[in-house]
file target_2.cif (mmCIF, C-alpha atoms)
data_query
#
loop_
_atom_site.group_PDB
_atom_site.id
_atom_site.type_symbol
_atom_site.label_atom_id
_atom_site.label_comp_id
_atom_site.auth_asym_id
_atom_site.auth_seq_id
_atom_site.Cartn_x
_atom_site.Cartn_y
_atom_site.Cartn_z
ATOM 1 C CA MET C 26 4.795 -14.611 -18.750
ATOM 2 C CA LEU C 27 2.201 -12.961 -16.587
ATOM 3 C CA VAL C 28 3.101 -12.341 -12.950
ATOM 4 C CA LEU C 29 0.369 -11.589 -10.495
ATOM 5 C CA ARG C 30 1.560 -9.529 -7.631
ATOM 6 C CA VAL C 31 -0.521 -9.307 -4.451
ATOM 7 C CA VAL C 32 0.169 -6.366 -2.239
ATOM 8 C CA VAL C 33 -0.525 -7.006 1.431
ATOM 9 C CA ASN C 34 -0.812 -4.123 3.807
ATOM 10 C CA GLN C 35 1.582 -5.440 6.482
ATOM 11 C CA PRO C 36 0.611 -3.098 9.357
ATOM 12 C CA LEU C 37 -3.050 -4.026 8.836
ATOM 13 C CA MET C 38 -2.208 -7.732 8.648
ATOM 14 C CA LYS C 39 -0.217 -7.536 11.902
ATOM 15 C CA LYS C 40 -3.135 -5.823 13.652
ATOM 16 C CA LEU C 41 -5.565 -8.485 12.437
ATOM 17 C CA LEU C 42 -3.272 -11.283 13.577
ATOM 18 C CA LEU C 43 -2.813 -9.646 16.983
ATOM 19 C CA ALA C 44 -6.569 -9.063 17.409
ATOM 20 C CA THR C 45 -7.346 -12.679 16.468
ATOM 21 C CA THR C 46 -4.755 -14.007 18.933
ATOM 22 C CA VAL C 47 -5.998 -11.807 21.791
ATOM 23 C CA PHE C 48 -9.609 -12.788 21.072
ATOM 24 C CA ALA C 49 -8.727 -16.506 21.095
ATOM 25 C CA PHE C 50 -6.916 -16.217 24.434
ATOM 26 C CA GLY C 51 -9.835 -14.203 25.809
ATOM 27 C CA LEU C 52 -12.290 -16.960 24.933
ATOM 28 C CA VAL C 53 -10.171 -19.546 26.712
ATOM 29 C CA ALA C 54 -9.659 -17.372 29.817
ATOM 30 C CA CYS C 55 -13.313 -16.281 30.204
ATOM 31 C CA ASP C 56 -14.928 -19.535 31.235
ATOM 32 C CA ARG C 57 -17.510 -18.319 33.784
ATOM 33 C CA ASN C 58 -18.199 -21.857 34.965
ATOM 34 C CA GLU C 59 -14.599 -22.373 36.020
ATOM 35 C CA ILE C 60 -14.325 -22.940 39.773
ATOM 36 C CA PRO C 61 -11.405 -21.142 41.426
ATOM 37 C CA ASP C 62 -8.706 -23.144 43.223
ATOM 38 C CA TYR C 63 -9.665 -21.605 46.575
ATOM 39 C CA ASP C 64 -13.255 -22.054 47.697
ATOM 40 C CA VAL C 65 -14.228 -19.250 50.095
ATOM 41 C CA ARG C 66 -17.197 -21.352 51.224
ATOM 42 C CA ASP C 67 -14.714 -23.549 53.110
ATOM 43 C CA GLU C 68 -14.488 -20.725 55.665
ATOM 44 C CA TYR C 69 -18.184 -21.265 56.527
ATOM 45 C CA VAL C 70 -18.640 -25.039 56.357
ATOM 46 C CA GLY C 71 -19.014 -26.889 59.646
ATOM 47 C CA MET C 72 -21.121 -27.540 62.715
ATOM 48 C CA TYR C 73 -22.130 -24.529 64.787
ATOM 49 C CA ASP C 74 -23.544 -23.929 68.258
ATOM 50 C CA VAL C 75 -26.231 -21.305 67.716
ATOM 51 C CA THR C 76 -27.709 -18.741 70.070
ATOM 52 C CA ASP C 77 -30.702 -17.344 68.203
ATOM 53 C CA ALA C 78 -32.261 -14.139 69.532
ATOM 54 C CA CYS C 79 -35.585 -13.482 67.788
ATOM 55 C CA ASP C 80 -37.329 -10.477 69.269
ATOM 56 C CA ALA C 81 -37.987 -11.537 72.892
ATOM 57 C CA MET C 82 -37.227 -15.245 72.332
ATOM 58 C CA LEU C 83 -33.836 -16.862 72.886
ATOM 59 C CA ASN C 84 -33.090 -20.365 71.543
ATOM 60 C CA ASP C 85 -29.947 -22.499 71.586
ATOM 61 C CA TYR C 86 -29.388 -25.281 69.060
ATOM 62 C CA THR C 87 -26.768 -26.885 66.828
ATOM 63 C CA LEU C 88 -26.815 -26.319 63.077
ATOM 64 C CA GLU C 89 -24.731 -27.542 60.136
ATOM 65 C CA VAL C 90 -23.583 -25.216 57.355
ATOM 66 C CA TYR C 91 -22.620 -26.958 54.122
ATOM 67 C CA LYS C 92 -21.832 -26.047 50.518
ATOM 68 C CA GLY C 93 -24.760 -25.466 48.176
ATOM 69 C CA SER C 94 -25.080 -26.654 44.600
ATOM 70 C CA SER C 95 -23.777 -23.401 43.098
ATOM 71 C CA TYR C 96 -20.136 -22.321 43.470
ATOM 72 C CA ASP C 97 -21.116 -19.362 45.701
ATOM 73 C CA GLU C 98 -23.848 -20.912 47.879
ATOM 74 C CA ILE C 99 -23.888 -22.170 51.439
ATOM 75 C CA VAL C 100 -26.845 -23.823 53.134
ATOM 76 C CA PHE C 101 -27.928 -23.416 56.738
ATOM 77 C CA GLY C 102 -28.981 -27.028 57.218
ATOM 78 C CA TRP C 103 -31.044 -28.908 59.771
ATOM 79 C CA PRO C 104 -32.767 -27.670 61.890
ATOM 80 C CA GLY C 105 -32.430 -24.476 59.856
ATOM 81 C CA LEU C 106 -32.426 -20.883 60.953
ATOM 82 C CA TYR C 107 -35.267 -20.079 63.348
ATOM 83 C CA GLU C 108 -35.374 -23.861 63.940
ATOM 84 C CA ALA C 109 -37.991 -23.889 61.196
ATOM 85 C CA GLY C 110 -36.811 -27.138 59.583
ATOM 86 C CA MET C 111 -36.028 -25.462 56.251
ATOM 87 C CA ASP C 112 -32.665 -25.354 54.477
ATOM 88 C CA VAL C 113 -32.011 -21.626 53.984
ATOM 89 C CA THR C 114 -29.497 -20.742 51.258
ATOM 90 C CA GLY C 115 -26.972 -17.906 51.454
ATOM 91 C CA ILE C 116 -24.763 -16.427 48.735
ATOM 92 C CA VAL C 117 -21.128 -15.940 49.761
ATOM 93 C CA THR C 118 -19.466 -12.688 48.709
ATOM 94 C CA GLY C 119 -16.075 -12.907 50.418
ATOM 95 C CA MET C 120 -16.469 -12.636 54.178
ATOM 96 C CA LYS C 121 -20.127 -11.634 53.876
ATOM 97 C CA VAL C 122 -23.207 -13.701 53.058
ATOM 98 C CA VAL C 123 -26.423 -12.446 51.516
ATOM 99 C CA ILE C 124 -29.592 -14.382 52.293
ATOM 100 C CA PRO C 125 -31.931 -13.592 49.408
ATOM 101 C CA ILE C 126 -35.690 -13.753 49.937
ATOM 102 C CA GLN C 127 -36.775 -17.401 50.150
ATOM 103 C CA GLN C 128 -40.252 -18.750 50.756
ATOM 104 C CA PHE C 129 -41.143 -22.060 52.382
ATOM 105 C CA THR C 130 -44.696 -23.405 52.428
ATOM 106 C CA ILE C 131 -46.074 -24.236 55.859
ATOM 107 C CA SER C 132 -49.674 -24.906 54.840
ATOM 108 C CA THR C 133 -51.562 -25.071 51.554
ATOM 109 C CA TYR C 134 -54.991 -24.462 53.054
ATOM 110 C CA PRO C 135 -54.945 -21.768 54.160
ATOM 111 C CA ASN C 136 -51.930 -20.727 52.082
ATOM 112 C CA ILE C 137 -49.253 -19.942 54.699
ATOM 113 C CA PHE C 138 -45.503 -19.662 54.188
ATOM 114 C CA TYR C 139 -42.357 -18.424 55.907
ATOM 115 C CA GLU C 140 -40.255 -15.830 54.090
ATOM 116 C CA PHE C 141 -36.577 -15.591 55.073
ATOM 117 C CA SER C 142 -34.114 -12.824 54.148
ATOM 118 C CA GLY C 143 -31.008 -11.295 55.690
ATOM 119 C CA SER C 144 -27.230 -11.205 55.759
ATOM 120 C CA ALA C 145 -24.324 -12.683 57.679
ATOM 121 C CA SER C 146 -20.704 -11.892 58.458
ATOM 122 C CA LEU C 147 -17.829 -14.076 59.576
ATOM 123 C CA GLU C 148 -15.189 -13.024 62.066
ATOM 124 C CA ASP C 149 -12.734 -15.698 63.182
ATOM 125 C CA SER C 150 -14.943 -18.676 64.123
ATOM 126 C CA ILE C 151 -18.084 -16.603 64.829
ATOM 127 C CA LEU C 152 -20.728 -16.339 62.109
ATOM 128 C CA THR C 153 -23.320 -13.657 62.902
ATOM 129 C CA VAL C 154 -26.565 -13.957 60.951
ATOM 130 C CA ASP C 155 -28.992 -11.025 60.948
ATOM 131 C CA TYR C 156 -32.251 -12.200 59.384
ATOM 132 C CA THR C 157 -35.990 -11.625 59.236
ATOM 133 C CA VAL C 158 -38.727 -14.252 59.188
ATOM 134 C CA LEU C 159 -42.144 -13.219 57.928
ATOM 135 C CA THR C 160 -45.188 -15.438 58.261
ATOM 136 C CA VAL C 161 -47.433 -14.724 55.289
ATOM 137 C CA GLN C 162 -51.016 -15.946 54.899
ATOM 138 C CA ASP C 163 -52.814 -15.456 51.594
ATOM 139 C CA GLY C 164 -50.474 -12.586 50.688
ATOM 140 C CA LEU C 165 -50.743 -10.760 54.031
ATOM 141 C CA ILE C 166 -47.957 -10.591 56.617
ATOM 142 C CA ILE C 167 -49.442 -11.987 59.825
ATOM 143 C CA ASP C 168 -46.216 -12.215 61.862
ATOM 144 C CA GLU C 169 -42.664 -10.825 61.706
ATOM 145 C CA HIS C 170 -39.557 -11.808 63.655
ATOM 146 C CA ASN C 171 -36.229 -9.992 63.497
ATOM 147 C CA CYS C 172 -33.449 -12.333 64.547
ATOM 148 C CA ILE C 173 -29.738 -12.342 65.222
ATOM 149 C CA ALA C 174 -28.132 -15.763 65.328
ATOM 150 C CA THR C 175 -24.666 -15.890 66.846
ATOM 151 C CA MET C 176 -23.088 -19.072 65.547
ATOM 152 C CA GLU C 177 -19.833 -20.444 66.964
ATOM 153 C CA ARG C 178 -18.083 -23.238 65.064
ATOM 154 C CA ASN C 179 -17.444 -26.321 67.198
#
call {"tool": "encode", "arguments": {"input": "target_2.cif", "output": "structure tokens"}}
result
Amino acid sequence: MLVLRVVVNQPLMKKLLLATTVFAFGLVACDRNEIPDYDVRDEYVGMYDVTDACDAMLNDYTLEVYKGSSYDEIVFGWPGLYEAGMDVTGIVTGMKVVIPIQQFTISTYPNIFYEFSGSASLEDSILTVDYTVLTVQDGLIIDEHNCIATMERN
């Protein structure tokens, strides 16, 4: 009678089993599309009374901030920052917001657009937005406004 004996290196087998288990749990836990239970954007959402100081101009208006389509986006809705009529998007990073460069066409002939960029911070019910609006025509900046919008939630 022939007996075949297989020798298994037990320490190696234990390490392989442990590595496989840790890897499997890692795959389950690393879902980047998973939305956390707490949505920090809730701190920003609402209607605001805005005092917008752009260079020498001062404007008062009401603006709605709502959640964007991505899990970290908010939108400064109608009438938009600068009362320009454009929905400007911000990216929430805790209690700060980054407003990446965004372009909005004003005219196609000549080719004129607004370019928004800036940042914002929230303290209690006051959202302070520090932003710049460039007016660009055919690739040349023809106007620039540096603005600070003080937004108080109603």
call {"tool": "resolve_selection", "arguments": {"input": "target_2.cif", "expression": "the PyMOL selection byres ((chain C and resi 97) around 9)", "output": "list in words"}}
result
Asp64, Val65, Arg66, Lys92, Gly93, Ser94, Ser95, Tyr96, Glu98, Ile99, Gly115, Ile116, Val117 and Thr118 of chain C
call {"tool": "residues_near_point", "arguments": {"input": "target_2.cif", "point": "(-37.6, -8.8, 62.3)", "cutoff": "7 Å", "atoms": "only C-alpha atoms", "output": "list in words"}}
result
Tyr156, Thr157, Val158, Glu169, His170, Asn171 and Cys172 of chain C
call {"tool": "residues_around", "arguments": {"input": "target_2.cif", "residues": "Gly164 of chain C", "least_positions_apart": "6", "cutoff": "10 Å", "atoms": "all atoms listed in the file", "output": "ChimeraX atom specification"}}
result
/C:136-138
call {"tool": "write_last_selection", "arguments": {"input": "target_2.cif", "atoms": "C-alpha atoms", "output": "mmCIF file, in the coordinates of the input"}}
result
data_model
loop_
_atom_site.group_PDB
_atom_site.id
_atom_site.type_symbol
_atom_site.label_atom_id
_atom_site.label_comp_id
_atom_site.auth_asym_id
_atom_site.auth_seq_id
_atom_site.Cartn_x
_atom_site.Cartn_y
_atom_site.Cartn_z
ATOM 1 C CA ASN C 136 -51.930 -20.727 52.082
ATOM 2 C CA ILE C 137 -49.253 -19.942 54.699
ATOM 3 C CA PHE C 138 -45.503 -19.662 54.188
#
call {"tool": "atom_distance", "arguments": {"input": "target_2.cif", "atom1": "atom CA of Pro104 of chain C", "atom2": "atom CA of Thr87 of chain C"}}
result
7.8 Å
call {"tool": "resolve_selection", "arguments": {"input": "target_2.cif", "expression": "the PyMOL selection byres ((chain C and resi 147) around 9)", "output": "list in words"}}
result
Glu68, Tyr69, Met120, Lys121, Val122, Ala145, Ser146, Glu148, Asp149, Ser150, Ile151, Leu152, Thr153 and Val154 of chain C
call {"tool": "closest_residue", "arguments": {"input": "target_2.cif", "among": "C:Asp62, C:Asp112, C:Asp168, C:Asp163", "to": "Val90 of chain C", "atoms": "only C-alpha atoms"}}
result
C:Asp112
call {"tool": "residues_near_point", "arguments": {"input": "target_2.cif", "point": "(-36.8, -28.7, 58.5)", "cutoff": "12 Å", "atoms": "all atoms listed in the file", "output": "number ranges by chain"}}
result
C: 88, 101-113, 129-131, 139
call {"tool": "atom_distance", "arguments": {"input": "target_2.cif", "atom1": "atom CA of Ile173 of chain C", "atom2": "atom CA of Asp80 of chain C"}}
result
8.8 Å
